[in-house]
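Text of my_file_14.cif, listed as mmCIF, C-alpha atoms:
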```
data_coords
loop_
_atom_site.group_PDB
_atom_site.id
_atom_site.type_symbol
_atom_site.label_atom_id
_atom_site.label_comp_id
_atom_site.auth_asym_id
_atom_site.auth_seq_id
_atom_site.Cartn_x
_atom_site.Cartn_y
_atom_site.Cartn_z
ATOM 1 C CA ASP A 975 -10.569 -31.904 -71.886
ATOM 2 C CA ALA A 976 -11.993 -28.440 -71.241
ATOM 3 C CA GLY A 977 -14.832 -28.162 -68.787
ATOM 4 C CA VAL A 978 -17.946 -26.051 -69.130
ATOM 5 C CA ILE A 979 -17.015 -22.508 -70.090
ATOM 6 C CA GLN A 980 -19.050 -19.492 -69.048
ATOM 7 C CA SER A 981 -18.661 -15.835 -69.861
ATOM 8 C CA PRO A 982 -18.477 -13.280 -68.513
ATOM 9 C CA ARG A 983 -17.304 -14.348 -65.060
ATOM 10 C CA HIS A 984 -18.528 -11.123 -63.519
ATOM 11 C CA GLU A 985 -21.144 -8.689 -64.767
ATOM 12 C CA VAL A 986 -22.219 -5.440 -63.178
ATOM 13 C CA THR A 987 -25.042 -3.606 -64.848
ATOM 14 C CA GLU A 988 -27.694 -1.048 -64.128
ATOM 15 C CA MET A 989 -31.338 -1.819 -63.651
ATOM 16 C CA GLY A 990 -33.185 -1.905 -66.953
ATOM 17 C CA GLN A 991 -30.217 -3.017 -69.029
ATOM 18 C CA GLU A 992 -30.104 -6.213 -71.041
ATOM 19 C CA VAL A 993 -27.760 -8.920 -69.792
ATOM 20 C CA THR A 994 -26.578 -11.901 -71.827
ATOM 21 C CA LEU A 995 -24.778 -14.811 -70.198
ATOM 22 C CA ARG A 996 -22.975 -17.358 -72.339
ATOM 23 C CA CYS A 997 -22.147 -21.012 -71.952
ATOM 24 C CA LYS A 998 -20.134 -23.582 -73.868
ATOM 25 C CA PRO A 999 -20.893 -27.123 -72.659
ATOM 26 C CA ILE A 1000 -18.449 -29.989 -72.607
ATOM 27 C CA SER A 1001 -18.079 -31.422 -76.095
ATOM 28 C CA GLY A 1002 -20.267 -34.483 -76.602
ATOM 29 C CA HIS A 1003 -22.620 -33.726 -73.732
ATOM 30 C CA ASN A 1004 -26.280 -33.945 -74.675
ATOM 31 C CA SER A 1005 -27.953 -32.022 -71.872
ATOM 32 C CA LEU A 1006 -27.479 -28.445 -70.731
ATOM 33 C CA PHE A 1007 -28.846 -26.755 -67.641
ATOM 34 C CA TRP A 1008 -29.061 -23.175 -66.397
ATOM 35 C CA TYR A 1009 -29.173 -22.521 -62.631
ATOM 36 C CA ARG A 1010 -29.340 -19.520 -60.383
ATOM 37 C CA GLN A 1011 -27.837 -19.515 -56.884
ATOM 38 C CA THR A 1012 -28.587 -17.066 -54.099
ATOM 39 C CA MET A 1013 -28.189 -17.249 -50.351
ATOM 40 C CA MET A 1014 -31.935 -16.999 -49.851
ATOM 41 C CA ARG A 1015 -33.136 -19.498 -52.432
ATOM 42 C CA GLY A 1016 -30.149 -21.783 -52.911
ATOM 43 C CA LEU A 1017 -29.599 -23.479 -56.265
ATOM 44 C CA GLU A 1018 -32.608 -23.209 -58.570
ATOM 45 C CA LEU A 1019 -33.003 -24.916 -61.934
ATOM 46 C CA LEU A 1020 -34.160 -22.363 -64.496
ATOM 47 C CA ILE A 1021 -34.283 -24.319 -67.758
ATOM 48 C CA TYR A 1022 -32.754 -27.365 -69.377
ATOM 49 C CA PHE A 1023 -32.094 -28.538 -72.920
ATOM 50 C CA ASN A 1024 -31.782 -32.021 -74.354
ATOM 51 C CA ASN A 1025 -30.008 -32.224 -77.707
ATOM 52 C CA ASN A 1026 -30.333 -28.430 -78.079
ATOM 53 C CA VAL A 1027 -34.113 -28.497 -77.551
ATOM 54 C CA PRO A 1028 -35.594 -26.665 -74.534
ATOM 55 C CA ILE A 1029 -37.514 -29.234 -72.556
ATOM 56 C CA ASP A 1030 -38.946 -27.279 -69.670
ATOM 57 C CA ASP A 1031 -38.590 -23.595 -68.874
ATOM 58 C CA SER A 1032 -41.111 -23.481 -66.048
ATOM 59 C CA GLY A 1033 -38.288 -22.609 -63.672
ATOM 60 C CA MET A 1034 -37.622 -19.340 -65.452
ATOM 61 C CA PRO A 1035 -38.795 -16.734 -62.976
ATOM 62 C CA GLU A 1036 -40.391 -14.268 -65.387
ATOM 63 C CA ASP A 1037 -40.833 -13.398 -69.029
ATOM 64 C CA ARG A 1038 -37.812 -11.160 -68.651
ATOM 65 C CA PHE A 1039 -35.702 -14.332 -68.769
ATOM 66 C CA SER A 1040 -35.081 -16.240 -71.971
ATOM 67 C CA ALA A 1041 -32.620 -18.952 -73.011
ATOM 68 C CA LYS A 1042 -31.492 -20.323 -76.336
ATOM 69 C CA MET A 1043 -29.266 -23.109 -77.560
ATOM 70 C CA PRO A 1044 -28.673 -22.576 -81.287
ATOM 71 C CA ASN A 1045 -26.207 -25.460 -81.527
ATOM 72 C CA ALA A 1046 -24.629 -28.181 -79.439
ATOM 73 C CA SER A 1047 -21.732 -26.011 -78.327
ATOM 74 C CA PHE A 1048 -23.370 -22.764 -77.290
ATOM 75 C CA SER A 1049 -26.186 -21.467 -75.114
ATOM 76 C CA THR A 1050 -27.261 -18.068 -73.861
ATOM 77 C CA LEU A 1051 -29.365 -16.854 -70.972
ATOM 78 C CA LYS A 1052 -30.748 -13.371 -71.455
ATOM 79 C CA ILE A 1053 -32.374 -11.057 -68.943
ATOM 80 C CA GLN A 1054 -34.195 -8.062 -70.381
ATOM 81 C CA PRO A 1055 -34.756 -5.772 -68.583
ATOM 82 C CA SER A 1056 -32.622 -6.646 -65.586
ATOM 83 C CA GLU A 1057 -33.660 -5.828 -62.023
ATOM 84 C CA PRO A 1058 -31.696 -5.711 -58.744
ATOM 85 C CA ARG A 1059 -33.406 -8.907 -57.546
ATOM 86 C CA ASP A 1060 -31.779 -10.753 -60.450
ATOM 87 C CA SER A 1061 -28.427 -10.367 -58.730
ATOM 88 C CA ALA A 1062 -27.100 -13.886 -58.219
ATOM 89 C CA VAL A 1063 -24.560 -16.377 -59.474
ATOM 90 C CA TYR A 1064 -25.743 -18.072 -62.649
ATOM 91 C CA PHE A 1065 -24.358 -21.497 -63.426
ATOM 92 C CA CYS A 1066 -24.457 -23.477 -66.598
ATOM 93 C CA ALA A 1067 -24.029 -27.253 -66.380
ATOM 94 C CA SER A 1068 -23.866 -30.050 -68.928
ATOM 95 C CA SER A 1069 -24.350 -33.790 -68.768
ATOM 96 C CA PRO A 1070 -23.445 -36.677 -71.049
ATOM 97 C CA LEU A 1071 -26.732 -38.387 -70.240
ATOM 98 C CA ALA A 1072 -29.577 -36.986 -72.349
ATOM 99 C CA GLY A 1073 -32.871 -37.455 -70.585
ATOM 100 C CA GLN A 1074 -31.232 -39.066 -67.600
ATOM 101 C CA GLY A 1075 -28.685 -36.374 -67.041
ATOM 102 C CA PHE A 1076 -29.992 -34.918 -63.868
ATOM 103 C CA TYR A 1077 -27.845 -36.949 -61.590
ATOM 104 C CA GLU A 1078 -24.439 -36.317 -63.145
ATOM 105 C CA GLN A 1079 -23.921 -32.731 -64.113
ATOM 106 C CA TYR A 1080 -20.717 -30.809 -64.694
ATOM 107 C CA PHE A 1081 -20.891 -27.168 -63.757
ATOM 108 C CA GLY A 1082 -19.174 -24.167 -65.236
ATOM 109 C CA PRO A 1083 -17.456 -21.587 -63.013
ATOM 110 C CA GLY A 1084 -20.541 -19.364 -62.965
ATOM 111 C CA THR A 1085 -21.285 -15.746 -63.768
ATOM 112 C CA ARG A 1086 -21.678 -13.422 -60.813
ATOM 113 C CA LEU A 1087 -24.312 -10.875 -61.830
ATOM 114 C CA THR A 1088 -24.836 -7.654 -59.923
ATOM 115 C CA VAL A 1089 -27.674 -5.370 -60.964
ATOM 116 C CA THR A 1090 -27.570 -1.926 -59.357
ATOM 117 C CA GLY B 1236 -43.162 -31.698 -55.450
ATOM 118 C CA GLN B 1237 -39.781 -32.317 -53.979
ATOM 119 C CA SER B 1238 -38.251 -31.351 -50.651
ATOM 120 C CA LEU B 1239 -34.974 -32.237 -49.019
ATOM 121 C CA GLU B 1240 -33.567 -31.754 -45.545
ATOM 122 C CA GLN B 1241 -29.916 -31.592 -44.575
ATOM 123 C CA PRO B 1242 -28.148 -30.362 -41.452
ATOM 124 C CA SER B 1243 -27.037 -26.786 -41.987
ATOM 125 C CA GLU B 1244 -23.565 -27.200 -40.488
ATOM 126 C CA VAL B 1245 -21.184 -29.965 -39.459
ATOM 127 C CA THR B 1246 -17.767 -29.580 -37.855
ATOM 128 C CA ALA B 1247 -15.070 -32.236 -37.590
ATOM 129 C CA VAL B 1248 -11.303 -32.499 -37.175
ATOM 130 C CA GLU B 1249 -8.714 -33.562 -39.704
ATOM 131 C CA GLY B 1250 -8.454 -37.316 -40.069
ATOM 132 C CA ALA B 1251 -11.913 -37.955 -38.674
ATOM 133 C CA ILE B 1252 -14.984 -39.454 -40.341
ATOM 134 C CA VAL B 1253 -18.128 -37.409 -40.879
ATOM 135 C CA GLN B 1254 -21.588 -38.329 -42.113
ATOM 136 C CA ILE B 1255 -23.911 -35.844 -43.800
ATOM 137 C CA ASN B 1256 -27.531 -36.939 -43.873
ATOM 138 C CA CYS B 1257 -30.226 -36.158 -46.391
ATOM 139 C CA THR B 1258 -33.911 -36.962 -46.123
ATOM 140 C CA TYR B 1259 -36.214 -36.345 -49.019
ATOM 141 C CA GLN B 1260 -39.809 -36.282 -50.139
ATOM 142 C CA THR B 1261 -40.342 -36.732 -53.823
ATOM 143 C CA SER B 1262 -43.196 -37.473 -56.155
ATOM 144 C CA GLY B 1263 -41.035 -39.657 -58.334
ATOM 145 C CA PHE B 1264 -37.652 -41.055 -57.400
ATOM 146 C CA TYR B 1265 -34.802 -41.081 -59.903
ATOM 147 C CA GLY B 1266 -31.881 -41.432 -57.561
ATOM 148 C CA LEU B 1267 -29.954 -39.319 -55.091
ATOM 149 C CA SER B 1268 -26.908 -37.295 -56.074
ATOM 150 C CA TRP B 1269 -24.275 -35.492 -54.064
ATOM 151 C CA TYR B 1270 -22.335 -32.381 -54.990
ATOM 152 C CA GLN B 1271 -19.526 -30.463 -53.314
ATOM 153 C CA GLN B 1272 -19.140 -26.715 -53.548
ATOM 154 C CA HIS B 1273 -16.232 -24.711 -52.189
ATOM 155 C CA ASP B 1274 -16.782 -21.061 -51.322
ATOM 156 C CA GLY B 1275 -16.773 -19.029 -54.504
ATOM 157 C CA GLY B 1276 -16.651 -22.155 -56.633
ATOM 158 C CA ALA B 1277 -19.012 -24.254 -58.688
ATOM 159 C CA PRO B 1278 -20.784 -27.434 -57.585
ATOM 160 C CA THR B 1279 -18.814 -30.574 -58.361
ATOM 161 C CA PHE B 1280 -20.470 -33.950 -58.865
ATOM 162 C CA LEU B 1281 -19.421 -36.477 -56.215
ATOM 163 C CA SER B 1282 -21.669 -39.517 -56.425
ATOM 164 C CA TYR B 1283 -25.014 -40.975 -57.402
ATOM 165 C CA ASN B 1284 -27.170 -43.691 -55.871
ATOM 166 C CA GLY B 1285 -29.974 -45.125 -57.977
ATOM 167 C CA LEU B 1286 -30.434 -48.235 -55.893
ATOM 168 C CA ASP B 1287 -30.241 -49.015 -52.192
ATOM 169 C CA GLY B 1288 -26.857 -49.553 -50.693
ATOM 170 C CA LEU B 1289 -23.422 -48.065 -50.486
ATOM 171 C CA GLU B 1290 -21.382 -46.571 -53.304
ATOM 172 C CA GLU B 1291 -17.701 -45.957 -52.614
ATOM 173 C CA THR B 1292 -15.411 -43.548 -54.415
ATOM 174 C CA GLY B 1293 -12.088 -43.178 -52.687
ATOM 175 C CA ARG B 1294 -12.477 -41.406 -49.353
ATOM 176 C CA PHE B 1295 -16.129 -40.641 -50.098
ATOM 177 C CA SER B 1296 -19.039 -43.053 -49.856
ATOM 178 C CA SER B 1297 -22.740 -42.490 -50.377
ATOM 179 C CA PHE B 1298 -25.605 -44.556 -49.073
ATOM 180 C CA LEU B 1299 -29.259 -44.768 -50.025
ATOM 181 C CA SER B 1300 -32.315 -46.338 -48.428
ATOM 182 C CA ARG B 1301 -35.321 -45.798 -50.655
ATOM 183 C CA SER B 1302 -37.732 -47.315 -48.138
ATOM 184 C CA ASP B 1303 -36.652 -44.689 -45.602
ATOM 185 C CA SER B 1304 -36.329 -41.835 -48.144
ATOM 186 C CA TYR B 1305 -32.895 -41.286 -46.680
ATOM 187 C CA GLY B 1306 -29.332 -41.106 -47.774
ATOM 188 C CA TYR B 1307 -26.001 -39.964 -46.488
ATOM 189 C CA LEU B 1308 -22.571 -38.952 -47.648
ATOM 190 C CA LEU B 1309 -19.666 -40.366 -45.659
ATOM 191 C CA LEU B 1310 -16.312 -38.641 -45.765
ATOM 192 C CA GLN B 1311 -13.336 -40.499 -44.345
ATOM 193 C CA GLU B 1312 -9.826 -39.357 -43.456
ATOM 194 C CA LEU B 1313 -10.984 -35.776 -43.509
ATOM 195 C CA GLN B 1314 -8.633 -33.189 -44.960
ATOM 196 C CA MET B 1315 -8.682 -29.421 -44.691
ATOM 197 C CA LYS B 1316 -9.588 -29.200 -48.367
ATOM 198 C CA ASP B 1317 -12.854 -31.029 -47.618
ATOM 199 C CA SER B 1318 -14.163 -27.859 -45.971
ATOM 200 C CA ALA B 1319 -17.015 -26.958 -48.307
ATOM 201 C CA SER B 1320 -20.770 -27.137 -48.700
ATOM 202 C CA TYR B 1321 -22.325 -30.449 -49.652
ATOM 203 C CA PHE B 1322 -25.651 -30.723 -51.443
ATOM 204 C CA CYS B 1323 -27.897 -33.692 -52.019
ATOM 205 C CA ALA B 1324 -30.219 -33.582 -55.020
ATOM 206 C CA VAL B 1325 -33.207 -35.582 -56.249
ATOM 207 C CA GLY B 1326 -35.747 -35.538 -58.984
ATOM 208 C CA ARG B 1327 -35.939 -35.171 -62.690
ATOM 209 C CA GLY B 1328 -37.072 -32.542 -65.091
ATOM 210 C CA GLN B 1329 -38.408 -29.386 -63.571
ATOM 211 C CA ASN B 1330 -38.862 -31.357 -60.346
ATOM 212 C CA PHE B 1331 -35.118 -31.640 -59.955
ATOM 213 C CA VAL B 1332 -34.055 -29.882 -56.758
ATOM 214 C CA PHE B 1333 -30.960 -29.412 -54.684
ATOM 215 C CA GLY B 1334 -31.096 -29.576 -50.908
ATOM 216 C CA PRO B 1335 -30.257 -26.509 -48.812
ATOM 217 C CA GLY B 1336 -26.680 -27.704 -48.333
ATOM 218 C CA THR B 1337 -24.532 -28.684 -45.368
ATOM 219 C CA ARG B 1338 -21.530 -26.562 -44.578
ATOM 220 C CA LEU B 1339 -18.639 -28.768 -43.429
ATOM 221 C CA SER B 1340 -15.823 -27.182 -41.479
ATOM 222 C CA VAL B 1341 -12.696 -29.280 -40.982
ATOM 223 C CA LEU B 1342 -10.537 -28.146 -38.080
ATOM 224 C CA PRO B 1343 -6.815 -28.859 -37.704
#
```

Give the structure from this file in structure tokens form.
Amino acid sequence: DAGVIQSPRHEVTEMGQEVTLRCKPISGHNSLFWYRQTMMRGLELLIYFNNNVPIDDSGMPEDRFSAKMPNASFSTLKIQPSEPRDSAVYFCASSPLAGQGFYEQYFGPGTRLTVT
Amino acid sequence: GQSLEQPSEVTAVEGAIVQINCTYQTSGFYGLSWYQQHDGGAPTFLSYNGLDGLEETGRFSSFLSRSDSYGYLLLQELQMKDSASYFCAVGRGQNFVFGPGTRLSVLP
């Protein structure tokens, strides 16, 4: 069974450019999460979806960040325009436990984003 | 809000037993989870405690005391491959947070 798939694995872009990160959750999982990890701030929850519906995006740092989940097998996290402080590793995770899924999450390999 | 405390680093030798502690403050408790993350890798789910007591999964065990707002991860028969960062996590919804992580170094 394939795990969570993220693309691209690495992204280098210039300040001001649009960045789109992609995620395919594990088939049958009902919850999807987007995280950001930096040395300074650790792992931060940005947004989560239950059954494709965004539940809470209060963790999204600014209006420059947006996330969508058009169907059960695909989600995107978009940053427009990107800034150097957005440089981080972005993880997508999924859980089979809708609503209760916070304690058992399966993470993708992450996208390492560098904004110059 | 939520806050968690973990030791920043722990060192042990192969074959030994190590305990990684986690204390938390939370406005609503929905259980304590543990994740492992190797350098350059993704967090991997290890265990979950919703109720007080010990949960055992192979060489790893996790303990929770809700009255003390405290839990720990116990790693037995340490192996070199256990060298990684270990995170506890609590909460639910946008109050879900990971701890700062404990970096475990296993020496030969």

Between atom CA of Lys998 of chain A and atom CA of His1273 of chain B, distance in Å (one decimal)
22.1 Å

Find the nearest atom pair between each residue of segment 1028-1067 of chain A and segment 1312-1328 of chain B for residues within 10 Å, count all atoms listed in the file, give distances in Å to one decimal, sort rows by chain and ascending number, and present the table as a Markdown table.
```
| residue | atom | partner | partner_atom | distance |
| --- | --- | --- | --- | --- |
| A:Ile1029 | CA | B:Gly1328 | CA | 8.2 |
| A:Asp1030 | CA | B:Gly1328 | CA | 7.2 |
| A:Asp1031 | CA | B:Gly1328 | CA | 9.8 |
| A:Ser1032 | CA | B:Gly1328 | CA | 10.0 |
```

Selected residues written out, C-alpha atoms, as a PDB file, keeping the file's coordinate frame:
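Okay, this is what ended up in selection-v8.pdb:
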```pdb
ATOM      1  CA  ILE A1029     -37.514 -29.234 -72.556  1.00  0.00           C
ATOM      2  CA  ASP A1030     -38.946 -27.279 -69.670  1.00  0.00           C
ATOM      3  CA  ASP A1031     -38.590 -23.595 -68.874  1.00  0.00           C
ATOM      4  CA  SER A1032     -41.111 -23.481 -66.048  1.00  0.00           C
TER       5      SER A1032
END
```

Spell out the residues picked by the PyMOL selection byres ((chain A) within 7 of (chain B)) here, as a PyMOL selection string.
chain A and resi 1016-1017+1030+1032-1033+1076-1084

Expected file contents, prior selection, C-alpha atoms, as a short mmCIF file (atom, residue, chain, number, x, y, z; two decimals), keeping the file's coordinate frame:
```cif
data_model
loop_
_atom_site.label_atom_id
_atom_site.label_comp_id
_atom_site.auth_asym_id
_atom_site.auth_seq_id
_atom_site.Cartn_x
_atom_site.Cartn_y
_atom_site.Cartn_z
CA GLY A 1016 -30.15 -21.78 -52.91
CA LEU A 1017 -29.60 -23.48 -56.26
CA ASP A 1030 -38.95 -27.28 -69.67
CA SER A 1032 -41.11 -23.48 -66.05
CA GLY A 1033 -38.29 -22.61 -63.67
CA PHE A 1076 -29.99 -34.92 -63.87
CA TYR A 1077 -27.84 -36.95 -61.59
CA GLU A 1078 -24.44 -36.32 -63.14
CA GLN A 1079 -23.92 -32.73 -64.11
CA TYR A 1080 -20.72 -30.81 -64.69
CA PHE A 1081 -20.89 -27.17 -63.76
CA GLY A 1082 -19.17 -24.17 -65.24
CA PRO A 1083 -17.46 -21.59 -63.01
CA GLY A 1084 -20.54 -19.36 -62.96
#
```

Give as a list in words the residues that the PyMOL selection byres ((chain A and resi 1037) around 12) matches when applied to the coordinates above.
Asp1031, Ser1032, Gly1033, Met1034, Pro1035, Glu1036, Arg1038, Phe1039, Ser1040, Ala1041, Lys1052, Ile1053, Gln1054, Pro1055 and Ser1056 of chain A

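Here atom CA of Pro1242 of chain B and atom CA of Gln1271 of chain B stand 14.7 Å from one another.
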
Selection: 9 Å around Arg1294 of chain B, all atoms listed in the file, excl. self and same-chain fewer than 2 positions, as number ranges by chain:
B: 1291-1292, 1296, 1309-1313

Neighbour list for Asn1004 of chain A as JSON, numbers by chain, cut-off 12 Å, only C-alpha atoms, skip fewer than 2 positions in-chain
{"A": [999, 1000, 1001, 1002, 1006, 1007, 1022, 1023, 1024, 1025, 1026, 1027, 1028, 1043, 1045, 1046, 1047, 1048, 1067, 1068, 1069, 1070, 1071, 1072, 1073, 1074, 1075, 1076, 1078, 1079, 1080]}

Select, from A:Cys997, A:Met989, A:Leu1087, A:Val978, the residue with the minimum atom-to-atom distance to Leu1051 of chain A, counting only C-alpha atoms.
A:Cys997
